[in-house]
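Read through the structure below, which is laid out as C-alpha cells, and then see the notes.
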Amino acid sequence: MDSSILRGGLTIVALSWATACPAETLSPAGRPELKIGDSSVVRNLDVRTGEKRDTSIVVIMVDADRIVTEASGSTSGTRTYTRDYNLLEVKTGEKVTLTVKPFWASLRFPLEVGQTWGGFFESESVVLPRNRSIQWRWKASVVSAEAITVPAGTFQAFKIEYDGRYFGHQGDQSWTGSHKETAWYAPAINQFVKRELEQRAPGRNFLNQHVIELLSFKPAS
C-alpha cells in the first residue's frame, strides 16, 4: 500500500473553478477524460517517520479499457488502471510487483454526493521468498463536496471515505487488518488531490500512516 510544474498557473485555474462551481453545487462527475501527456507531482508523507517522498507521474497511454501512467522520482515504474481509474497492476521496471483482481475499487462513475459502493477484491504482491496475497472487503462513501487546498492549489472536490478489512497470507503465515482512508477527488483535473490513509494489522504489530498531496499538475499540451 502506495508525488513544481506550473504551480502559479494551476492555482489560477483552480481558483477560477472554485468561483464558477461552488462546492455545494458540484455536479456529478463522469469518468476521467485523461490525455496522454497529462503530468503531476505528488508528495507522500510518512506520518510516523516524517519522511517525504516526491514522485512525478505522466499519463503514457489511454485506450477504451485502460489508463497507464509512468512514475519517476522516489517511485519508478508504471501503473495500469481501468478506464474508471481503478488500479489493476504495478510494474517496477519490467517486473510486475502488484496485481489486483478484478480491480482496486477507488472510484465509481458518475461520482456524486451520497453515492456508495463496495465489494471484494484480491491483491497479490511479488515479494521474496513467497508472494503475499490479500483478500479485501471494501466500502466507499462519497460524503460531501468541498473546497480543499493543497500545495498545487485550491480545488472543488468530492470527499470520499473508505473502510477496508483484509485477510492476508504469505507462505504459512496469515493475518487480518484494516484500512481507513479519506480522499479528495477533483473532477476538474481528473485525479485525487489529497489522500489520508491508515493501515493496521495488530497481529503483526503493523501501523502505516500516510498523507499524499498533489504538488503540481500540468495538462497535456
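Going through the C-alpha cells in order, the chains are called A, B, and so on, while each chain numbers its residues from 1 and the ligands are numbered from 1 in the order shown.
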Could you give me, as a PDB file with all heavy atoms, in the first residue's frame, the residues within 9 Å of region 170-180 of chain A, counting only C-alpha atoms and dropping anything in the same chain fewer than 3 positions from it?
```pdb
ATOM      1  N   PRO A 129      10.544 -14.409   0.216  1.00  0.00           N
ATOM      2  CA  PRO A 129      10.704 -15.588  -0.647  1.00  0.00           C
ATOM      3  C   PRO A 129       9.396 -16.076  -1.266  1.00  0.00           C
ATOM      4  O   PRO A 129       9.415 -16.911  -2.163  1.00  0.00           O
ATOM      5  CB  PRO A 129      11.267 -16.631   0.320  1.00  0.00           C
ATOM      6  CG  PRO A 129      10.629 -16.265   1.630  1.00  0.00           C
ATOM      7  CD  PRO A 129      10.531 -14.758   1.643  1.00  0.00           C
ATOM      8  N   ARG A 130       8.248 -15.569  -0.796  1.00  0.00           N
ATOM      9  CA  ARG A 130       6.956 -16.011  -1.324  1.00  0.00           C
ATOM     10  C   ARG A 130       6.060 -14.810  -1.561  1.00  0.00           C
ATOM     11  O   ARG A 130       6.091 -13.836  -0.807  1.00  0.00           O
ATOM     12  CB  ARG A 130       6.258 -16.975  -0.349  1.00  0.00           C
ATOM     13  CG  ARG A 130       6.985 -18.286  -0.103  1.00  0.00           C
ATOM     14  CD  ARG A 130       6.186 -19.166   0.859  1.00  0.00           C
ATOM     15  NE  ARG A 130       6.830 -20.455   1.090  1.00  0.00           N
ATOM     16  CZ  ARG A 130       7.729 -20.660   2.028  1.00  0.00           C
ATOM     17  NH1 ARG A 130       8.098 -19.661   2.823  1.00  0.00           N
ATOM     18  NH2 ARG A 130       8.270 -21.855   2.194  1.00  0.00           N
ATOM     19  N   ASN A 131       5.223 -14.897  -2.591  1.00  0.00           N
ATOM     20  CA  ASN A 131       4.279 -13.828  -2.864  1.00  0.00           C
ATOM     21  C   ASN A 131       3.311 -13.655  -1.700  1.00  0.00           C
ATOM     22  O   ASN A 131       3.006 -14.603  -0.971  1.00  0.00           O
ATOM     23  CB  ASN A 131       3.498 -14.114  -4.143  1.00  0.00           C
ATOM     24  CG  ASN A 131       4.368 -14.002  -5.382  1.00  0.00           C
ATOM     25  OD1 ASN A 131       5.558 -13.694  -5.287  1.00  0.00           O
ATOM     26  ND2 ASN A 131       3.794 -14.263  -6.532  1.00  0.00           N
ATOM     27  N   ARG A 132       2.816 -12.423  -1.552  1.00  0.00           N
ATOM     28  CA  ARG A 132       1.869 -12.102  -0.487  1.00  0.00           C
ATOM     29  C   ARG A 132       0.503 -11.806  -1.102  1.00  0.00           C
ATOM     30  O   ARG A 132       0.386 -10.935  -1.963  1.00  0.00           O
ATOM     31  CB  ARG A 132       2.358 -10.901   0.315  1.00  0.00           C
ATOM     32  CG  ARG A 132       1.421 -10.478   1.438  1.00  0.00           C
ATOM     33  CD  ARG A 132       2.066  -9.440   2.337  1.00  0.00           C
ATOM     34  NE  ARG A 132       2.441  -8.240   1.626  1.00  0.00           N
ATOM     35  CZ  ARG A 132       3.669  -7.757   1.532  1.00  0.00           C
ATOM     36  NH1 ARG A 132       4.677  -8.405   2.095  1.00  0.00           N
ATOM     37  NH2 ARG A 132       3.913  -6.656   0.885  1.00  0.00           N
ATOM     38  N   SER A 133      -0.523 -12.522  -0.665  1.00  0.00           N
ATOM     39  CA  SER A 133      -1.880 -12.340  -1.176  1.00  0.00           C
ATOM     40  C   SER A 133      -2.772 -11.769  -0.087  1.00  0.00           C
ATOM     41  O   SER A 133      -2.675 -12.171   1.077  1.00  0.00           O
ATOM     42  CB  SER A 133      -2.467 -13.668  -1.673  1.00  0.00           C
ATOM     43  OG  SER A 133      -1.735 -14.167  -2.776  1.00  0.00           O
ATOM     44  N   ILE A 134      -3.632 -10.835  -0.492  1.00  0.00           N
ATOM     45  CA  ILE A 134      -4.545 -10.208   0.465  1.00  0.00           C
ATOM     46  C   ILE A 134      -5.939 -10.168  -0.142  1.00  0.00           C
ATOM     47  O   ILE A 134      -6.121  -9.717  -1.276  1.00  0.00           O
ATOM     48  CB  ILE A 134      -4.085  -8.787   0.838  1.00  0.00           C
ATOM     49  CG1 ILE A 134      -2.695  -8.834   1.489  1.00  0.00           C
ATOM     50  CG2 ILE A 134      -5.092  -8.124   1.774  1.00  0.00           C
ATOM     51  CD1 ILE A 134      -2.150  -7.490   1.904  1.00  0.00           C
ATOM     52  N   TRP A 138     -14.407  -4.201   1.023  1.00  0.00           N
ATOM     53  CA  TRP A 138     -14.210  -2.771   0.781  1.00  0.00           C
ATOM     54  C   TRP A 138     -15.541  -2.036   0.746  1.00  0.00           C
ATOM     55  O   TRP A 138     -16.519  -2.516   0.174  1.00  0.00           O
ATOM     56  CB  TRP A 138     -13.521  -2.627  -0.574  1.00  0.00           C
ATOM     57  CG  TRP A 138     -12.949  -1.284  -0.922  1.00  0.00           C
ATOM     58  CD1 TRP A 138     -13.432  -0.399  -1.836  1.00  0.00           C
ATOM     59  CD2 TRP A 138     -11.752  -0.695  -0.415  1.00  0.00           C
ATOM     60  NE1 TRP A 138     -12.616   0.708  -1.930  1.00  0.00           N
ATOM     61  CE2 TRP A 138     -11.560   0.541  -1.055  1.00  0.00           C
ATOM     62  CE3 TRP A 138     -10.812  -1.105   0.534  1.00  0.00           C
ATOM     63  CZ2 TRP A 138     -10.488   1.385  -0.800  1.00  0.00           C
ATOM     64  CZ3 TRP A 138      -9.740  -0.261   0.785  1.00  0.00           C
ATOM     65  CH2 TRP A 138      -9.587   0.962   0.130  1.00  0.00           C
ATOM     66  N   GLU A 161     -14.821   8.587   1.721  1.00  0.00           N
ATOM     67  CA  GLU A 161     -14.307   7.832   2.859  1.00  0.00           C
ATOM     68  C   GLU A 161     -14.328   6.344   2.536  1.00  0.00           C
ATOM     69  O   GLU A 161     -15.326   5.829   2.012  1.00  0.00           O
ATOM     70  CB  GLU A 161     -15.140   8.121   4.112  1.00  0.00           C
ATOM     71  CG  GLU A 161     -14.982   9.560   4.590  1.00  0.00           C
ATOM     72  CD  GLU A 161     -15.735   9.844   5.876  1.00  0.00           C
ATOM     73  OE1 GLU A 161     -16.536   8.983   6.300  1.00  0.00           O
ATOM     74  OE2 GLU A 161     -15.521  10.930   6.460  1.00  0.00           O
ATOM     75  N   TYR A 162     -13.214   5.670   2.833  1.00  0.00           N
ATOM     76  CA  TYR A 162     -13.055   4.247   2.557  1.00  0.00           C
ATOM     77  C   TYR A 162     -12.885   3.487   3.870  1.00  0.00           C
ATOM     78  O   TYR A 162     -12.181   3.931   4.771  1.00  0.00           O
ATOM     79  CB  TYR A 162     -11.830   3.986   1.685  1.00  0.00           C
ATOM     80  CG  TYR A 162     -11.837   4.687   0.357  1.00  0.00           C
ATOM     81  CD1 TYR A 162     -11.167   5.894   0.189  1.00  0.00           C
ATOM     82  CD2 TYR A 162     -12.503   4.145  -0.742  1.00  0.00           C
ATOM     83  CE1 TYR A 162     -11.158   6.544  -1.035  1.00  0.00           C
ATOM     84  CE2 TYR A 162     -12.497   4.786  -1.972  1.00  0.00           C
ATOM     85  CZ  TYR A 162     -11.821   5.984  -2.108  1.00  0.00           C
ATOM     86  OH  TYR A 162     -11.806   6.638  -3.322  1.00  0.00           O
ATOM     87  N   ASP A 163     -13.521   2.336   3.930  1.00  0.00           N
ATOM     88  CA  ASP A 163     -13.401   1.456   5.089  1.00  0.00           C
ATOM     89  C   ASP A 163     -13.099   0.057   4.561  1.00  0.00           C
ATOM     90  O   ASP A 163     -13.943  -0.550   3.891  1.00  0.00           O
ATOM     91  CB  ASP A 163     -14.697   1.460   5.895  1.00  0.00           C
ATOM     92  CG  ASP A 163     -14.599   0.645   7.178  1.00  0.00           C
ATOM     93  OD1 ASP A 163     -13.507   0.107   7.460  1.00  0.00           O
ATOM     94  OD2 ASP A 163     -15.614   0.547   7.890  1.00  0.00           O
ATOM     95  N   GLY A 164     -11.887  -0.430   4.812  1.00  0.00           N
ATOM     96  CA  GLY A 164     -11.483  -1.726   4.299  1.00  0.00           C
ATOM     97  C   GLY A 164     -11.086  -2.683   5.405  1.00  0.00           C
ATOM     98  O   GLY A 164     -10.531  -2.279   6.435  1.00  0.00           O
ATOM     99  N   ARG A 165     -11.392  -3.956   5.191  1.00  0.00           N
ATOM    100  CA  ARG A 165     -10.930  -5.035   6.068  1.00  0.00           C
ATOM    101  C   ARG A 165     -10.244  -6.059   5.176  1.00  0.00           C
ATOM    102  O   ARG A 165     -10.696  -6.319   4.050  1.00  0.00           O
ATOM    103  CB  ARG A 165     -12.102  -5.680   6.800  1.00  0.00           C
ATOM    104  CG  ARG A 165     -12.833  -4.736   7.749  1.00  0.00           C
ATOM    105  CD  ARG A 165     -11.996  -4.425   8.981  1.00  0.00           C
ATOM    106  NE  ARG A 165     -12.739  -3.629   9.958  1.00  0.00           N
ATOM    107  CZ  ARG A 165     -12.784  -2.308   9.976  1.00  0.00           C
ATOM    108  NH1 ARG A 165     -12.146  -1.628   9.015  1.00  0.00           N
ATOM    109  NH2 ARG A 165     -13.449  -1.652  10.896  1.00  0.00           N
ATOM    110  N   TYR A 166      -9.171  -6.660   5.682  1.00  0.00           N
ATOM    111  CA  TYR A 166      -8.469  -7.601   4.821  1.00  0.00           C
ATOM    112  C   TYR A 166      -7.940  -8.801   5.591  1.00  0.00           C
ATOM    113  O   TYR A 166      -7.721  -8.747   6.793  1.00  0.00           O
ATOM    114  CB  TYR A 166      -7.340  -6.914   4.045  1.00  0.00           C
ATOM    115  CG  TYR A 166      -6.231  -6.321   4.875  1.00  0.00           C
ATOM    116  CD1 TYR A 166      -5.157  -7.092   5.315  1.00  0.00           C
ATOM    117  CD2 TYR A 166      -6.227  -4.956   5.197  1.00  0.00           C
ATOM    118  CE1 TYR A 166      -4.122  -6.549   6.041  1.00  0.00           C
ATOM    119  CE2 TYR A 166      -5.197  -4.398   5.927  1.00  0.00           C
ATOM    120  CZ  TYR A 166      -4.148  -5.188   6.347  1.00  0.00           C
ATOM    121  OH  TYR A 166      -3.120  -4.643   7.072  1.00  0.00           O
ATOM    122  N   PHE A 167      -7.741  -9.878   4.822  1.00  0.00           N
ATOM    123  CA  PHE A 167      -7.113 -11.104   5.316  1.00  0.00           C
ATOM    124  C   PHE A 167      -5.908 -11.368   4.433  1.00  0.00           C
ATOM    125  O   PHE A 167      -6.030 -11.483   3.206  1.00  0.00           O
ATOM    126  CB  PHE A 167      -8.081 -12.274   5.255  1.00  0.00           C
ATOM    127  CG  PHE A 167      -7.431 -13.606   5.544  1.00  0.00           C
ATOM    128  CD1 PHE A 167      -7.146 -13.984   6.846  1.00  0.00           C
ATOM    129  CD2 PHE A 167      -7.091 -14.465   4.503  1.00  0.00           C
ATOM    130  CE1 PHE A 167      -6.534 -15.203   7.112  1.00  0.00           C
ATOM    131  CE2 PHE A 167      -6.476 -15.689   4.761  1.00  0.00           C
ATOM    132  CZ  PHE A 167      -6.201 -16.054   6.074  1.00  0.00           C
ATOM    133  N   GLU A 196      -5.547  10.730   2.855  1.00  0.00           N
ATOM    134  CA  GLU A 196      -5.067  10.456   4.205  1.00  0.00           C
ATOM    135  C   GLU A 196      -5.441   9.021   4.536  1.00  0.00           C
ATOM    136  O   GLU A 196      -6.621   8.675   4.534  1.00  0.00           O
ATOM    137  CB  GLU A 196      -5.717  11.410   5.214  1.00  0.00           C
ATOM    138  CG  GLU A 196      -5.402  12.881   4.971  1.00  0.00           C
ATOM    139  CD  GLU A 196      -6.151  13.802   5.918  1.00  0.00           C
ATOM    140  OE1 GLU A 196      -7.117  13.328   6.558  1.00  0.00           O
ATOM    141  OE2 GLU A 196      -5.779  14.983   6.020  1.00  0.00           O
ATOM    142  N   LEU A 197      -4.455   8.171   4.804  1.00  0.00           N
ATOM    143  CA  LEU A 197      -4.766   6.755   4.994  1.00  0.00           C
ATOM    144  C   LEU A 197      -4.028   6.173   6.192  1.00  0.00           C
ATOM    145  O   LEU A 197      -2.956   6.634   6.573  1.00  0.00           O
ATOM    146  CB  LEU A 197      -4.463   5.960   3.731  1.00  0.00           C
ATOM    147  CG  LEU A 197      -3.028   5.888   3.222  1.00  0.00           C
ATOM    148  CD1 LEU A 197      -2.309   4.674   3.805  1.00  0.00           C
ATOM    149  CD2 LEU A 197      -3.004   5.821   1.704  1.00  0.00           C
ATOM    150  N   GLU A 198      -4.667   5.164   6.748  1.00  0.00           N
ATOM    151  CA  GLU A 198      -4.078   4.427   7.872  1.00  0.00           C
ATOM    152  C   GLU A 198      -4.366   2.949   7.684  1.00  0.00           C
ATOM    153  O   GLU A 198      -5.514   2.554   7.470  1.00  0.00           O
ATOM    154  CB  GLU A 198      -4.665   4.909   9.197  1.00  0.00           C
ATOM    155  CG  GLU A 198      -4.150   4.130  10.403  1.00  0.00           C
ATOM    156  CD  GLU A 198      -4.789   4.578  11.697  1.00  0.00           C
ATOM    157  OE1 GLU A 198      -4.384   5.627  12.226  1.00  0.00           O
ATOM    158  OE2 GLU A 198      -5.722   3.885  12.166  1.00  0.00           O
ATOM    159  N   GLN A 199      -3.339   2.125   7.770  1.00  0.00           N
ATOM    160  CA  GLN A 199      -3.476   0.674   7.715  1.00  0.00           C
ATOM    161  C   GLN A 199      -2.952   0.078   9.023  1.00  0.00           C
ATOM    162  O   GLN A 199      -1.890   0.480   9.510  1.00  0.00           O
ATOM    163  CB  GLN A 199      -2.697   0.090   6.541  1.00  0.00           C
ATOM    164  CG  GLN A 199      -3.286   0.441   5.188  1.00  0.00           C
ATOM    165  CD  GLN A 199      -2.510  -0.204   4.066  1.00  0.00           C
ATOM    166  OE1 GLN A 199      -1.316  -0.451   4.192  1.00  0.00           O
ATOM    167  NE2 GLN A 199      -3.185  -0.482   2.964  1.00  0.00           N
ATOM    168  N   ARG A 200      -3.705  -0.889   9.553  1.00  0.00           N
ATOM    169  CA  ARG A 200      -3.315  -1.551  10.785  1.00  0.00           C
ATOM    170  C   ARG A 200      -3.427  -3.062  10.624  1.00  0.00           C
ATOM    171  O   ARG A 200      -4.350  -3.550   9.970  1.00  0.00           O
ATOM    172  CB  ARG A 200      -4.215  -1.120  11.947  1.00  0.00           C
ATOM    173  CG  ARG A 200      -4.064   0.330  12.379  1.00  0.00           C
ATOM    174  CD  ARG A 200      -5.018   0.660  13.507  1.00  0.00           C
ATOM    175  NE  ARG A 200      -4.878   2.034  13.961  1.00  0.00           N
ATOM    176  CZ  ARG A 200      -4.069   2.424  14.940  1.00  0.00           C
ATOM    177  NH1 ARG A 200      -3.327   1.512  15.586  1.00  0.00           N
ATOM    178  NH2 ARG A 200      -3.986   3.690  15.299  1.00  0.00           N
ATOM    179  N   ALA A 201      -2.473  -3.765  11.230  1.00  0.00           N
ATOM    180  CA  ALA A 201      -2.541  -5.219  11.352  1.00  0.00           C
ATOM    181  C   ALA A 201      -2.000  -5.550  12.740  1.00  0.00           C
ATOM    182  O   ALA A 201      -0.800  -5.803  12.915  1.00  0.00           O
ATOM    183  CB  ALA A 201      -1.736  -5.917  10.262  1.00  0.00           C
ATOM    184  N   PRO A 202      -2.864  -5.514  13.754  1.00  0.00           N
ATOM    185  CA  PRO A 202      -2.395  -5.662  15.142  1.00  0.00           C
ATOM    186  C   PRO A 202      -1.606  -6.935  15.386  1.00  0.00           C
ATOM    187  O   PRO A 202      -0.630  -6.933  16.153  1.00  0.00           O
ATOM    188  CB  PRO A 202      -3.705  -5.644  15.944  1.00  0.00           C
ATOM    189  CG  PRO A 202      -4.663  -4.876  15.089  1.00  0.00           C
ATOM    190  CD  PRO A 202      -4.315  -5.248  13.683  1.00  0.00           C
ATOM    191  N   GLY A 203      -2.000  -8.034  14.736  1.00  0.00           N
ATOM    192  CA  GLY A 203      -1.305  -9.292  14.957  1.00  0.00           C
ATOM    193  C   GLY A 203       0.134  -9.288  14.478  1.00  0.00           C
ATOM    194  O   GLY A 203       0.943 -10.101  14.915  1.00  0.00           O
ATOM    195  N   ARG A 204       0.455  -8.362  13.577  1.00  0.00           N
ATOM    196  CA  ARG A 204       1.822  -8.233  13.062  1.00  0.00           C
ATOM    197  C   ARG A 204       2.510  -6.979  13.610  1.00  0.00           C
ATOM    198  O   ARG A 204       3.591  -6.604  13.129  1.00  0.00           O
ATOM    199  CB  ARG A 204       1.800  -8.194  11.533  1.00  0.00           C
ATOM    200  CG  ARG A 204       1.359  -9.511  10.917  1.00  0.00           C
ATOM    201  CD  ARG A 204       1.077  -9.345   9.423  1.00  0.00           C
ATOM    202  NE  ARG A 204       2.253  -9.037   8.624  1.00  0.00           N
ATOM    203  CZ  ARG A 204       3.047  -9.946   8.069  1.00  0.00           C
ATOM    204  NH1 ARG A 204       2.798 -11.241   8.240  1.00  0.00           N
ATOM    205  NH2 ARG A 204       4.075  -9.581   7.334  1.00  0.00           N
ATOM    206  N   PHE A 206       1.725  -3.920  13.082  1.00  0.00           N
ATOM    207  CA  PHE A 206       1.920  -3.102  11.892  1.00  0.00           C
ATOM    208  C   PHE A 206       1.007  -1.887  11.930  1.00  0.00           C
ATOM    209  O   PHE A 206      -0.203  -2.006  12.161  1.00  0.00           O
ATOM    210  CB  PHE A 206       1.630  -3.928  10.639  1.00  0.00           C
ATOM    211  CG  PHE A 206       1.672  -3.141   9.359  1.00  0.00           C
ATOM    212  CD1 PHE A 206       2.882  -2.818   8.774  1.00  0.00           C
ATOM    213  CD2 PHE A 206       0.498  -2.717   8.745  1.00  0.00           C
ATOM    214  CE1 PHE A 206       2.927  -2.086   7.587  1.00  0.00           C
ATOM    215  CE2 PHE A 206       0.527  -2.002   7.564  1.00  0.00           C
ATOM    216  CZ  PHE A 206       1.744  -1.690   6.986  1.00  0.00           C
TER     217      PHE A 206
END
```
Picked from region 33-92 of chain A by DSSP as strand (DSSP E or B), as a PyMOL selection string: chain A and resi 39-46+52-62+66-73+77-82+87-92
Just to be explicit: take each residue in the selection above, keep N, CA and C atoms, and write the result as a short mmCIF file (atom, residue, chain, number, x, y, z; two decimals), in the first residue's frame.
```
data_model
loop_
_atom_site.label_atom_id
_atom_site.label_comp_id
_atom_site.auth_asym_id
_atom_site.auth_seq_id
_atom_site.Cartn_x
_atom_site.Cartn_y
_atom_site.Cartn_z
N SER A 39 0.47 15.47 -16.67
CA SER A 39 1.53 15.16 -15.72
C SER A 39 1.25 15.82 -14.37
N SER A 40 1.79 15.22 -13.34
CA SER A 40 1.61 15.72 -11.99
C SER A 40 2.79 15.33 -11.13
N VAL A 41 2.90 16.00 -9.99
CA VAL A 41 3.89 15.65 -8.97
C VAL A 41 3.14 15.51 -7.66
N VAL A 42 3.35 14.40 -6.95
CA VAL A 42 2.70 14.17 -5.67
C VAL A 42 3.74 13.96 -4.58
N ARG A 43 3.38 14.31 -3.36
CA ARG A 43 4.25 14.11 -2.21
C ARG A 43 3.60 13.13 -1.24
N ASN A 44 4.35 12.13 -0.84
CA ASN A 44 3.89 11.12 0.10
C ASN A 44 4.61 11.34 1.43
N LEU A 45 3.84 11.73 2.46
CA LEU A 45 4.40 11.95 3.78
C LEU A 45 4.13 10.73 4.66
N ASP A 46 5.19 10.13 5.18
CA ASP A 46 5.05 9.07 6.18
C ASP A 46 4.84 9.76 7.52
N LYS A 52 9.43 12.47 3.60
CA LYS A 52 8.64 12.94 2.46
C LYS A 52 9.27 12.42 1.17
N ARG A 53 8.43 11.88 0.31
CA ARG A 53 8.91 11.38 -0.98
C ARG A 53 8.07 11.96 -2.10
N ASP A 54 8.75 12.56 -3.09
CA ASP A 54 8.06 13.18 -4.22
C ASP A 54 8.17 12.28 -5.45
N THR A 55 7.07 12.15 -6.17
CA THR A 55 7.03 11.30 -7.36
C THR A 55 6.38 12.07 -8.50
N SER A 56 7.01 12.05 -9.66
CA SER A 56 6.45 12.64 -10.88
C SER A 56 5.70 11.56 -11.65
N ILE A 57 4.52 11.91 -12.15
CA ILE A 57 3.65 10.94 -12.83
C ILE A 57 3.19 11.53 -14.15
N VAL A 58 3.25 10.75 -15.22
CA VAL A 58 2.77 11.20 -16.52
C VAL A 58 1.91 10.11 -17.14
N VAL A 59 0.82 10.50 -17.78
CA VAL A 59 -0.05 9.55 -18.48
C VAL A 59 0.62 9.19 -19.81
N ILE A 60 0.83 7.88 -20.04
CA ILE A 60 1.52 7.45 -21.26
C ILE A 60 0.62 6.67 -22.20
N MET A 61 -0.56 6.25 -21.74
CA MET A 61 -1.47 5.54 -22.63
C MET A 61 -2.90 5.66 -22.11
N VAL A 62 -3.83 5.88 -23.03
CA VAL A 62 -5.26 5.85 -22.73
C VAL A 62 -5.95 5.17 -23.91
N ARG A 66 -8.16 0.96 -20.72
CA ARG A 66 -7.10 1.14 -19.74
C ARG A 66 -6.52 2.54 -19.75
N ILE A 67 -5.94 2.89 -18.60
CA ILE A 67 -5.10 4.07 -18.44
C ILE A 67 -3.77 3.58 -17.89
N VAL A 68 -2.66 4.05 -18.45
CA VAL A 68 -1.34 3.67 -17.96
C VAL A 68 -0.56 4.94 -17.64
N THR A 69 0.03 4.98 -16.45
CA THR A 69 0.87 6.09 -16.05
C THR A 69 2.29 5.61 -15.78
N GLU A 70 3.24 6.52 -15.91
CA GLU A 70 4.64 6.21 -15.62
C GLU A 70 5.14 7.13 -14.52
N ALA A 71 5.81 6.56 -13.54
CA ALA A 71 6.29 7.32 -12.39
C ALA A 71 7.81 7.39 -12.40
N SER A 72 8.34 8.51 -11.87
CA SER A 72 9.78 8.65 -11.68
C SER A 72 10.01 9.47 -10.42
N GLY A 73 11.19 9.32 -9.84
CA GLY A 73 11.48 10.00 -8.59
C GLY A 73 11.64 8.99 -7.49
N GLY A 77 8.44 3.28 -12.38
CA GLY A 77 7.73 2.17 -12.99
C GLY A 77 6.40 2.63 -13.57
N THR A 78 5.53 1.69 -13.88
CA THR A 78 4.24 2.02 -14.47
C THR A 78 3.10 1.46 -13.63
N ARG A 79 1.95 2.11 -13.77
CA ARG A 79 0.71 1.62 -13.14
C ARG A 79 -0.37 1.56 -14.21
N THR A 80 -1.09 0.46 -14.21
CA THR A 80 -2.19 0.26 -15.14
C THR A 80 -3.51 0.30 -14.38
N TYR A 81 -4.46 1.07 -14.92
CA TYR A 81 -5.77 1.26 -14.30
C TYR A 81 -6.87 0.87 -15.27
N THR A 82 -8.05 0.62 -14.73
CA THR A 82 -9.23 0.50 -15.58
C THR A 82 -9.52 1.88 -16.16
N LEU A 87 -7.05 0.76 -9.89
CA LEU A 87 -5.77 0.11 -10.09
C LEU A 87 -5.90 -1.37 -10.45
N LEU A 88 -5.12 -1.77 -11.46
CA LEU A 88 -5.04 -3.17 -11.90
C LEU A 88 -3.66 -3.79 -11.66
N GLU A 89 -2.59 -2.99 -11.92
CA GLU A 89 -1.25 -3.58 -11.92
C GLU A 89 -0.20 -2.50 -11.68
N VAL A 90 0.85 -2.91 -10.96
CA VAL A 90 2.02 -2.05 -10.75
C VAL A 90 3.24 -2.78 -11.27
N LYS A 91 4.08 -2.07 -12.04
CA LYS A 91 5.34 -2.60 -12.51
C LYS A 91 6.49 -1.74 -12.00
N THR A 92 7.57 -2.40 -11.59
CA THR A 92 8.83 -1.72 -11.30
C THR A 92 9.80 -2.15 -12.38
#
```
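Taking only C-alpha atoms into account, Phe192 (chain A) lies nearest to A:Tyr85 out of the set A:Tyr85, A:Phe109, A:Phe120, A:Phe103.
Nearest residue to Val193 (chain A) among A:Ile148, A:Ala105, A:Ile160, A:Leu34 is A:Ile148, counting only C-alpha atoms.
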Of the listed residues A:Glu122, A:Glu181, A:Glu112, A:Glu213, that which approaches Ala152 (chain A) most closely, counting only C-alpha atoms: A:Glu213
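Minimum atom-to-atom distance to Tyr185 (chain A), evaluated using only C-alpha atoms, belongs to A:Phe155 out of A:Phe155, A:Ser27, A:Asp63, A:Gln209.
Considering only C-alpha atoms, the residue among A:Arg83, A:Gln135, A:Ser106, A:Gly114 positioned nearest to Lys35 (chain A) is A:Arg83.
Between CA of Ala140 (chain A) and CA of Leu111 (chain A) the separation is 11.5 Å.
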Residue nearest Val126 (chain A) - candidates A:Ser141, A:Leu107, A:Glu146, A:Val100, atoms counted: only C-alpha atoms: A:Val100
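Atom pair CA of Ser76 (chain A) / CA of Gly93 (chain A) has a distance of 7.3 Å (rounded to one decimal).
The space separating CA of Leu214 (chain A) from CA of Glu94 (chain A) comes to 26.5 Å.
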